[in-house]
Amino acid sequence: MRRTGALLAGAPLLTGLVQLPAAPPAEAAGADASQAASDKGSVSVSVDTLTPGAPTEGDTVTVSGTVTNKGKQTVTDAHVGLRVGPLLNTRSGIDSVAKDSTDVQSVLGVEVGDKYAEKFDKLTPGVSQPFTLSVPVNKLDLGQDGVYQLTVALSGETSAQPWPQTLGVQRTFLPWQPDEAGTKTKTTFMWPLISTSHITAETGSDEQQTPVLQDDDLAEEISPGGRLDRMVALGKDLDVTWVIDPDLLASVEAMTDRYEVPGEGDTSVVGGHQSVAKRWLTEVQKAVADKEVVVLPFGDPDLASLAHNGTSVTGSLSHLKEASDVAPGTVESILHTKPTTDFAWPVNGAVDPSIVKVATSAGADKVIARSDTFEETGDLSYTPSAPRPIGGGTTAVVSDARLSTAFQGDMIKASASTLAVQRFLAQSLTLGLQTGRQRSVVVAPQRMPSASQAQTMAEALTILQDGTWSESQDLTAAAKAEPDPAATTRVPPASAYPSSLRKRELPRATFEQIGRTQAKLDKFKVILSDQSRVVTPFGRALNRAMSVSWRGRQSEAAIYRSGVESYLDTLIGRIRLIDKSETKLSGRSATIPVTVQNNLVQGVEHLVLRLTSTNPTRLEIDGDAYEEQPVAVSGGHSQSVKFTTSANANGRATVVAQLYTQDGQKYGEPVTFDVKVTEITATVMLVIGGGVLLLVLAGFRMYTQRKRAAACEADGRDHEADEDTDDPQNPEAAGERPTRESGTDAGADDPEQPSDPTPDTAPENAGPSGTGERVDR
C-alpha cells in the first residue's frame, strides 16, 4: 500500500517532468506572466469608422481604423479581424463593456472567417498600420434583436512569445433591429445654443450706444467652422428642440453694427466682424424655422448657485425674474419665432427642493432634471418616461443620464467619436427593448458642446432618426406625455446634491456684489432724463454676472463683476460738484455760487443741492443753517447755483455743499470750503459817512462858486452898456432923458440888461409923431 501511494503521489510530478521541455523558455514565461498581469495588450487598436452604425438585412458592415505596436518587440504573423460577442440584454452590461473596451483578458467571442481579416507580416514598435474590414451582415450570425458586442482584435507573435495570441482589442457595439419596432421610443434631443458672456455694461457715448465686448472670441465661434457655426449647420437638418440663451442672440446682433473691443492699453478698437454676425443670425433663423425653440432666462442664470447661495441676498430673485421677462421678447425680435418659456434647466439636471423652488419662481413650471440625480427609489426594471409630476403644478422632465452624457470628453479623435456614437445607439436600442410600453425619453447633452462633440452628436442622431426603434418628439410633447405611475416623483433632498457640482457654484459674494451694484444703479437712474440708456445695459450685465458659464472660472467672473461696478461708479462720478477754494465775504450779506458739472451725454434732473454752514452763528445760509435748491443740468454742461448768505461776526466759517436725490439720499462726494467773514463796524460806517458828507459839501461849494462867477460876468456886461450911453454920438446925449407918465413901469430908469426886451421908445427921427404920442425936445 505504501508503494502504491508513493506511485500515485509521484505521477503528477512525472507528468510535469515529461511536459517541461514543451514549455516556453523561462525568459518568455516571465514576459508572459507580465503580459497576463496587464489587461491591455502591447498593440493599440482603434476603430475610426463603423458603417452602418445600425445595420439591417443586406448591409455590409465596414470597420476601419489603425493598429499601433506599443511594445518593444516586433509583432510577426499578425492579422486583425472581427469577433461578435454575446448579446447584451441590459444597459448596465453595455456600461461594463464600454469601461473595459481594451481588455484582452475578457471573452471576445468567435472570430469571423479568415477571408474577412487583414494580415500584416510585421508590426514595428511605434509604427501604426491602417486596416479596413468589410463583412456582410449575414456572416456575423446575428440572431434576435438587440445589441451585440463587436470586437476588433489583433493577433500575432513576438520573439519573446512565439505563438499566436491576442495582443490588442477594441470593443464596441453593434445595434441590431432590422425590422421596424412595433412600439417605438419617442426621443427628444435638446440642441443647446449657448455661449459664455461677452458683452460688458459699457456703451459708447454716441446716440446709438455702441456696445463694447470683452473680446472678439465670439466672432471666432460664429465664423465658418467655429463651434456655434457647426451647431447651427448640423442642427438645421435634425429633428431637435433648440434650447437658446437669448444673451447669445443679443450679443451677435450687437456685432451686426458698429461695436468695439479692447485694444492695446486702455484703448478700444472697432470690431470688424459685422458680416460674419449677420450671416450667422440668418442661418439661425433658417435653422429654427418650424422647430420648437425653448428660451432660457437671459444670460442663462445659475439656478443652483442662486438657490444655495443667493436667495438670502436681497434682490437676487428679482434679477432672475427680470432675466426671464426679457428673454422671450429678445428671441422673438431676432429670430421672428415665438419661443417656449416653460422650462428651467439647472446645471447637469441636478435638483433639490430649493433649486426647484427658485426655478419655478420666475414662471417656469417644468424643470429639466437628470436621472443620475433624480434616481428611482423603486425596483423598476426599465427606464420610465421623462415626465414626473412633483407637486404644485410643476413637472420634472427627467432626461436619461446615459444618453445625455454619451458625448462628453474629447471627440476630436475619430476613434473616440465612433465609440461614442455606437454606445449611444446601443443604449437607445436596449432602452427600447426593455418593455413593450411606449415611453418618452429626453436627451439633455452638455450645455456648450465643442465642434467635435456637436459633430458626434449629429452623427448619432442622424442614425437614430433613420433607425427602426425610435421616433422624434419635441420637448413640450415629452413633458405632456403620460407619466409612468411606477416612477418616483420625490425630489431628491439637498443632502443628495452632488458635492462635485456644489464646489463649482457661484459663491455668496457674487450675489452680494450684484446687489451692491444694483443699489447704486437704483440711486443713479432716478436722476437721469433717459433712464433706458443706463438701466438696460447694466441690467443685462448683471444677468450675465449670474451665468452658468462662470462655473469653474471664478477669477474671470470676479473681473467681469468688478468691471461692471467700476464702470457704473465712473458714470456716477461724472455728475459732481466743482471744488471751491476759500471765499472771502465782506459785508453783512453776499451770494456764494456752487457749480454742478454733468459730463454725461444725457441731462440729469431731480437733484437737490444743499449748502450747509457748520457755524450758523457766524454765517447763515438764507437766514438758516442751510438751504436747498433744485438742480437740472443738460448733458455735457455745468450749472452754477447761487446761495444768499448773511454774516453775523468776523472770522472763518466752513461750508459744506452736497448733492441729494429727491428722496433724501446723498449723491456723490461733498465739497467743503471756508468762507472768511469780515464784519463792517459802526466806526467804519462813521468814517464812510464822513467821507460821503465831505463829498457833498465839496460839490455844493463848487456849485456856489460857479454861480458867483456867472453873476460877476453879468455885472461886467452892464458896465460896458452904461459907457456906451454917455457917448456924444448917442442922440439922447444932447438933451434930457425921456420920462414916462403915470402908468409907466417903475423900473424904466433901470439899466438895460442884455436880456431886456426892446425899449418902448424908438430912436428920434424926422417923421411925424404918432397919434397921442408926446415927445419932449
# chains A, B, ... in the order shown; residues from 1 in each chain; ligands from 1
$ residues_around --residues "Val127 in chain A" --least-positions-apart "3" --cutoff "7 Å" --atoms "only C-alpha atoms" --output "ChimeraX atom specification"
/A:68-69,123-124
$ select_by_dssp --residues "range 468-665 of chain A" --states "strand (DSSP E)" --output "MDAnalysis selection string"
chainID A and resid 470:472 575:577 583:586 589:598 604:613 619:621 626:633 638:647 651:661
$ residues_around --residues "Phe673 in chain A" --least-positions-apart "4" --cutoff "12 Å" --atoms "only C-alpha atoms" --output "list of chain:residue names"
A:Leu577, A:Ile578, A:Asp579, A:Lys580, A:Ser581, A:Glu582, A:Thr583, A:Lys584, A:Ile592, A:Pro593, A:Val594, A:Leu611, A:Thr612, A:Ser613, A:Thr614, A:Arg652, A:Ala653, A:Thr654, A:Val655, A:Val656, A:Ala657, A:Gln658
$ write_last_selection --atoms "N, CA and C atoms" --output "PDB file, in the first residue's frame"
ATOM      1  N   LEU A 577     -19.779 118.024  -7.998  1.00  0.00           N
ATOM      2  CA  LEU A 577     -19.607 119.421  -7.635  1.00  0.00           C
ATOM      3  C   LEU A 577     -18.165 119.826  -7.901  1.00  0.00           C
ATOM      4  N   ILE A 578     -17.981 121.027  -8.438  1.00  0.00           N
ATOM      5  CA  ILE A 578     -16.635 121.540  -8.696  1.00  0.00           C
ATOM      6  C   ILE A 578     -16.049 122.037  -7.376  1.00  0.00           C
ATOM      7  N   ASP A 579     -14.818 121.647  -7.108  1.00  0.00           N
ATOM      8  CA  ASP A 579     -14.160 122.081  -5.877  1.00  0.00           C
ATOM      9  C   ASP A 579     -14.051 123.603  -5.835  1.00  0.00           C
ATOM     10  N   LYS A 580     -14.142 124.159  -4.603  1.00  0.00           N
ATOM     11  CA  LYS A 580     -14.058 125.602  -4.400  1.00  0.00           C
ATOM     12  C   LYS A 580     -12.913 125.905  -3.439  1.00  0.00           C
ATOM     13  N   SER A 581     -12.231 127.003  -3.691  1.00  0.00           N
ATOM     14  CA  SER A 581     -11.204 127.488  -2.768  1.00  0.00           C
ATOM     15  C   SER A 581     -11.860 128.394  -1.733  1.00  0.00           C
ATOM     16  N   GLU A 582     -11.067 128.934  -0.849  1.00  0.00           N
ATOM     17  CA  GLU A 582     -11.600 129.798   0.210  1.00  0.00           C
ATOM     18  C   GLU A 582     -12.273 131.026  -0.394  1.00  0.00           C
ATOM     19  N   THR A 583     -13.426 131.382   0.166  1.00  0.00           N
ATOM     20  CA  THR A 583     -14.202 132.527  -0.314  1.00  0.00           C
ATOM     21  C   THR A 583     -14.178 133.615   0.746  1.00  0.00           C
ATOM     22  N   LYS A 584     -13.918 134.861   0.315  1.00  0.00           N
ATOM     23  CA  LYS A 584     -13.911 135.984   1.239  1.00  0.00           C
ATOM     24  C   LYS A 584     -15.238 136.720   1.160  1.00  0.00           C
ATOM     25  N   ILE A 592     -23.038 133.275  -2.745  1.00  0.00           N
ATOM     26  CA  ILE A 592     -21.976 132.291  -2.972  1.00  0.00           C
ATOM     27  C   ILE A 592     -22.437 131.338  -4.069  1.00  0.00           C
ATOM     28  N   PRO A 593     -21.721 131.234  -5.191  1.00  0.00           N
ATOM     29  CA  PRO A 593     -22.097 130.282  -6.251  1.00  0.00           C
ATOM     30  C   PRO A 593     -21.424 128.909  -6.038  1.00  0.00           C
ATOM     31  N   VAL A 594     -22.164 127.846  -6.326  1.00  0.00           N
ATOM     32  CA  VAL A 594     -21.633 126.481  -6.301  1.00  0.00           C
ATOM     33  C   VAL A 594     -21.950 125.868  -7.665  1.00  0.00           C
ATOM     34  N   LEU A 611     -26.583 123.588   0.641  1.00  0.00           N
ATOM     35  CA  LEU A 611     -25.421 124.298   1.159  1.00  0.00           C
ATOM     36  C   LEU A 611     -25.621 124.489   2.656  1.00  0.00           C
ATOM     37  N   THR A 612     -24.694 123.998   3.450  1.00  0.00           N
ATOM     38  CA  THR A 612     -24.841 123.973   4.899  1.00  0.00           C
ATOM     39  C   THR A 612     -23.680 124.712   5.550  1.00  0.00           C
ATOM     40  N   SER A 613     -24.002 125.601   6.490  1.00  0.00           N
ATOM     41  CA  SER A 613     -22.986 126.287   7.278  1.00  0.00           C
ATOM     42  C   SER A 613     -22.745 125.499   8.556  1.00  0.00           C
ATOM     43  N   THR A 614     -21.483 125.178   8.795  1.00  0.00           N
ATOM     44  CA  THR A 614     -21.174 124.441  10.028  1.00  0.00           C
ATOM     45  C   THR A 614     -21.145 125.357  11.241  1.00  0.00           C
ATOM     46  N   ARG A 652     -13.683 132.856  10.237  1.00  0.00           N
ATOM     47  CA  ARG A 652     -13.771 131.860   9.160  1.00  0.00           C
ATOM     48  C   ARG A 652     -14.888 130.867   9.477  1.00  0.00           C
ATOM     49  N   ALA A 653     -15.740 130.592   8.509  1.00  0.00           N
ATOM     50  CA  ALA A 653     -16.828 129.618   8.660  1.00  0.00           C
ATOM     51  C   ALA A 653     -16.696 128.557   7.568  1.00  0.00           C
ATOM     52  N   THR A 654     -16.908 127.315   7.954  1.00  0.00           N
ATOM     53  CA  THR A 654     -16.820 126.198   6.998  1.00  0.00           C
ATOM     54  C   THR A 654     -18.201 125.915   6.419  1.00  0.00           C
ATOM     55  N   VAL A 655     -18.239 125.734   5.100  1.00  0.00           N
ATOM     56  CA  VAL A 655     -19.494 125.494   4.393  1.00  0.00           C
ATOM     57  C   VAL A 655     -19.366 124.166   3.636  1.00  0.00           C
ATOM     58  N   VAL A 656     -20.444 123.369   3.661  1.00  0.00           N
ATOM     59  CA  VAL A 656     -20.461 122.069   3.000  1.00  0.00           C
ATOM     60  C   VAL A 656     -21.548 122.081   1.926  1.00  0.00           C
ATOM     61  N   ALA A 657     -21.154 121.741   0.699  1.00  0.00           N
ATOM     62  CA  ALA A 657     -22.107 121.593  -0.412  1.00  0.00           C
ATOM     63  C   ALA A 657     -22.271 120.108  -0.699  1.00  0.00           C
ATOM     64  N   GLN A 658     -23.512 119.642  -0.784  1.00  0.00           N
ATOM     65  CA  GLN A 658     -23.782 118.223  -1.003  1.00  0.00           C
ATOM     66  C   GLN A 658     -24.996 118.068  -1.909  1.00  0.00           C
TER      67      GLN A 658
END
$ atom_distance --atom1 "CA of Leu380 in chain A" --atom2 "CA of Val398 in chain A"
15.2 Å
$ residues_around --residues "Ser305 in chain A" --least-positions-apart "5" --cutoff "8 Å" --atoms "only C-alpha atoms" --output "list in words"
Gly310, Arg502, Glu505, Leu506 and Pro507 of chain A
$ write_last_selection --atoms "N, CA and C atoms" --output "PDB file, in the first residue's frame"
ATOM      1  N   GLY A 310     -27.653  82.451  -3.099  1.00  0.00           N
ATOM      2  CA  GLY A 310     -28.109  83.789  -3.435  1.00  0.00           C
ATOM      3  C   GLY A 310     -29.448  84.217  -2.886  1.00  0.00           C
ATOM      4  N   ARG A 502     -21.514  71.257  -6.288  1.00  0.00           N
ATOM      5  CA  ARG A 502     -21.614  72.314  -5.281  1.00  0.00           C
ATOM      6  C   ARG A 502     -20.298  73.091  -5.163  1.00  0.00           C
ATOM      7  N   GLU A 505     -20.049  76.050  -7.640  1.00  0.00           N
ATOM      8  CA  GLU A 505     -21.113  77.048  -7.673  1.00  0.00           C
ATOM      9  C   GLU A 505     -20.575  78.454  -7.460  1.00  0.00           C
ATOM     10  N   LEU A 506     -21.342  79.434  -7.916  1.00  0.00           N
ATOM     11  CA  LEU A 506     -21.012  80.834  -7.662  1.00  0.00           C
ATOM     12  C   LEU A 506     -21.191  81.113  -6.182  1.00  0.00           C
ATOM     13  N   PRO A 507     -20.227  81.734  -5.521  1.00  0.00           N
ATOM     14  CA  PRO A 507     -20.321  81.963  -4.075  1.00  0.00           C
ATOM     15  C   PRO A 507     -21.290  83.079  -3.729  1.00  0.00           C
TER      16      PRO A 507
END
$ atom_distance --atom1 "CA of Gly664 in chain A" --atom2 "CA of Ala647 in chain A"
28.1 Å
$ atom_distance --atom1 "CA of Val295 in chain A" --atom2 "CA of Asp245 in chain A"
6.1 Å
$ residues_around --residues "range 223-232 of chain A" --least-positions-apart "5" --cutoff "9 Å" --atoms "only C-alpha atoms" --output "number ranges by chain"
A: 191-195, 218, 273, 276-277, 279-280, 283-284, 287-288, 448-452, 454-455
$ residues_around --residues "range 331-335 of chain A" --least-positions-apart "2" --cutoff "10 Å" --atoms "only C-alpha atoms" --output "VMD selection string"
chain A and resid 244 to 250 253 281 to 289 293 to 296 298 326 to 329 337 to 339
$ write_last_selection --atoms "N, CA and C atoms" --output "mmCIF file, in the first residue's frame"
data_model
loop_
_atom_site.group_PDB
_atom_site.id
_atom_site.type_symbol
_atom_site.label_atom_id
_atom_site.label_comp_id
_atom_site.auth_asym_id
_atom_site.auth_seq_id
_atom_site.Cartn_x
_atom_site.Cartn_y
_atom_site.Cartn_z
ATOM 1 N N ILE A 244 -32.092 77.859 -26.325
ATOM 2 C CA ILE A 244 -31.298 79.042 -26.662
ATOM 3 C C ILE A 244 -31.213 80.004 -25.488
ATOM 4 N N ASP A 245 -30.004 80.526 -25.269
ATOM 5 C CA ASP A 245 -29.800 81.634 -24.343
ATOM 6 C C ASP A 245 -29.961 82.922 -25.138
ATOM 7 N N PRO A 246 -30.934 83.767 -24.809
ATOM 8 C CA PRO A 246 -31.136 84.991 -25.590
ATOM 9 C C PRO A 246 -29.946 85.944 -25.543
ATOM 10 N N ASP A 247 -29.115 85.822 -24.523
ATOM 11 C CA ASP A 247 -27.922 86.672 -24.458
ATOM 12 C C ASP A 247 -27.022 86.440 -25.663
ATOM 13 N N LEU A 248 -26.914 85.201 -26.106
ATOM 14 C CA LEU A 248 -26.087 84.899 -27.278
ATOM 15 C C LEU A 248 -26.633 85.616 -28.506
ATOM 16 N N LEU A 249 -27.926 85.542 -28.715
ATOM 17 C CA LEU A 249 -28.515 86.208 -29.871
ATOM 18 C C LEU A 249 -28.328 87.721 -29.784
ATOM 19 N N ALA A 250 -28.531 88.286 -28.592
ATOM 20 C CA ALA A 250 -28.376 89.730 -28.421
ATOM 21 C C ALA A 250 -26.932 90.158 -28.658
ATOM 22 N N GLU A 253 -26.254 90.003 -32.401
ATOM 23 C CA GLU A 253 -26.956 91.099 -33.073
ATOM 24 C C GLU A 253 -26.223 92.420 -32.847
ATOM 25 N N LEU A 281 -26.678 84.917 -37.899
ATOM 26 C CA LEU A 281 -28.071 85.101 -37.463
ATOM 27 C C LEU A 281 -29.045 84.661 -38.546
ATOM 28 N N THR A 282 -28.704 84.916 -39.780
ATOM 29 C CA THR A 282 -29.565 84.460 -40.878
ATOM 30 C C THR A 282 -29.661 82.944 -40.898
ATOM 31 N N GLU A 283 -28.541 82.274 -40.668
ATOM 32 C CA GLU A 283 -28.546 80.815 -40.648
ATOM 33 C C GLU A 283 -29.346 80.283 -39.463
ATOM 34 N N VAL A 284 -29.280 80.957 -38.341
ATOM 35 C CA VAL A 284 -30.065 80.522 -37.179
ATOM 36 C C VAL A 284 -31.547 80.652 -37.468
ATOM 37 N N GLN A 285 -31.928 81.760 -38.091
ATOM 38 C CA GLN A 285 -33.337 81.951 -38.429
ATOM 39 C C GLN A 285 -33.845 80.833 -39.321
ATOM 40 N N LYS A 286 -33.031 80.420 -40.284
ATOM 41 C CA LYS A 286 -33.434 79.329 -41.175
ATOM 42 C C LYS A 286 -33.485 78.001 -40.423
ATOM 43 N N ALA A 287 -32.530 77.789 -39.527
ATOM 44 C CA ALA A 287 -32.425 76.502 -38.841
ATOM 45 C C ALA A 287 -33.589 76.243 -37.892
ATOM 46 N N VAL A 288 -34.077 77.292 -37.223
ATOM 47 C CA VAL A 288 -35.120 77.094 -36.216
ATOM 48 C C VAL A 288 -36.515 77.211 -36.794
ATOM 49 N N ALA A 289 -36.603 77.540 -38.064
ATOM 50 C CA ALA A 289 -37.925 77.661 -38.684
ATOM 51 C C ALA A 289 -38.673 76.338 -38.566
ATOM 52 N N VAL A 293 -38.520 76.046 -30.150
ATOM 53 C CA VAL A 293 -37.444 76.823 -29.543
ATOM 54 C C VAL A 293 -37.785 77.050 -28.071
ATOM 55 N N VAL A 294 -36.944 76.548 -27.204
ATOM 56 C CA VAL A 294 -37.087 76.764 -25.763
ATOM 57 C C VAL A 294 -36.088 77.841 -25.369
ATOM 58 N N VAL A 295 -36.572 78.896 -24.732
ATOM 59 C CA VAL A 295 -35.700 80.003 -24.359
ATOM 60 C C VAL A 295 -35.403 79.928 -22.861
ATOM 61 N N LEU A 296 -34.141 80.097 -22.526
ATOM 62 C CA LEU A 296 -33.713 80.165 -21.132
ATOM 63 C C LEU A 296 -33.765 81.614 -20.676
ATOM 64 N N PHE A 298 -32.442 85.228 -19.676
ATOM 65 C CA PHE A 298 -31.353 85.978 -20.284
ATOM 66 C C PHE A 298 -30.055 85.770 -19.507
ATOM 67 N N VAL A 326 -37.361 89.346 -20.009
ATOM 68 C CA VAL A 326 -36.842 89.923 -21.248
ATOM 69 C C VAL A 326 -36.480 88.850 -22.284
ATOM 70 N N ALA A 327 -36.402 87.602 -21.848
ATOM 71 C CA ALA A 327 -35.925 86.534 -22.733
ATOM 72 C C ALA A 327 -36.806 86.315 -23.963
ATOM 73 N N PRO A 328 -38.117 86.097 -23.805
ATOM 74 C CA PRO A 328 -38.911 85.784 -25.000
ATOM 75 C C PRO A 328 -38.939 86.905 -26.020
ATOM 76 N N GLY A 329 -39.006 88.146 -25.559
ATOM 77 C CA GLY A 329 -39.022 89.259 -26.495
ATOM 78 C C GLY A 329 -37.729 89.370 -27.282
ATOM 79 N N THR A 337 -39.680 84.128 -34.265
ATOM 80 C CA THR A 337 -40.445 82.939 -33.894
ATOM 81 C C THR A 337 -40.794 83.038 -32.423
ATOM 82 N N LYS A 338 -41.924 82.488 -32.048
ATOM 83 C CA LYS A 338 -42.371 82.583 -30.663
ATOM 84 C C LYS A 338 -41.779 81.422 -29.868
ATOM 85 N N PRO A 339 -40.969 81.710 -28.864
ATOM 86 C CA PRO A 339 -40.323 80.623 -28.113
ATOM 87 C C PRO A 339 -41.184 80.131 -26.960
#
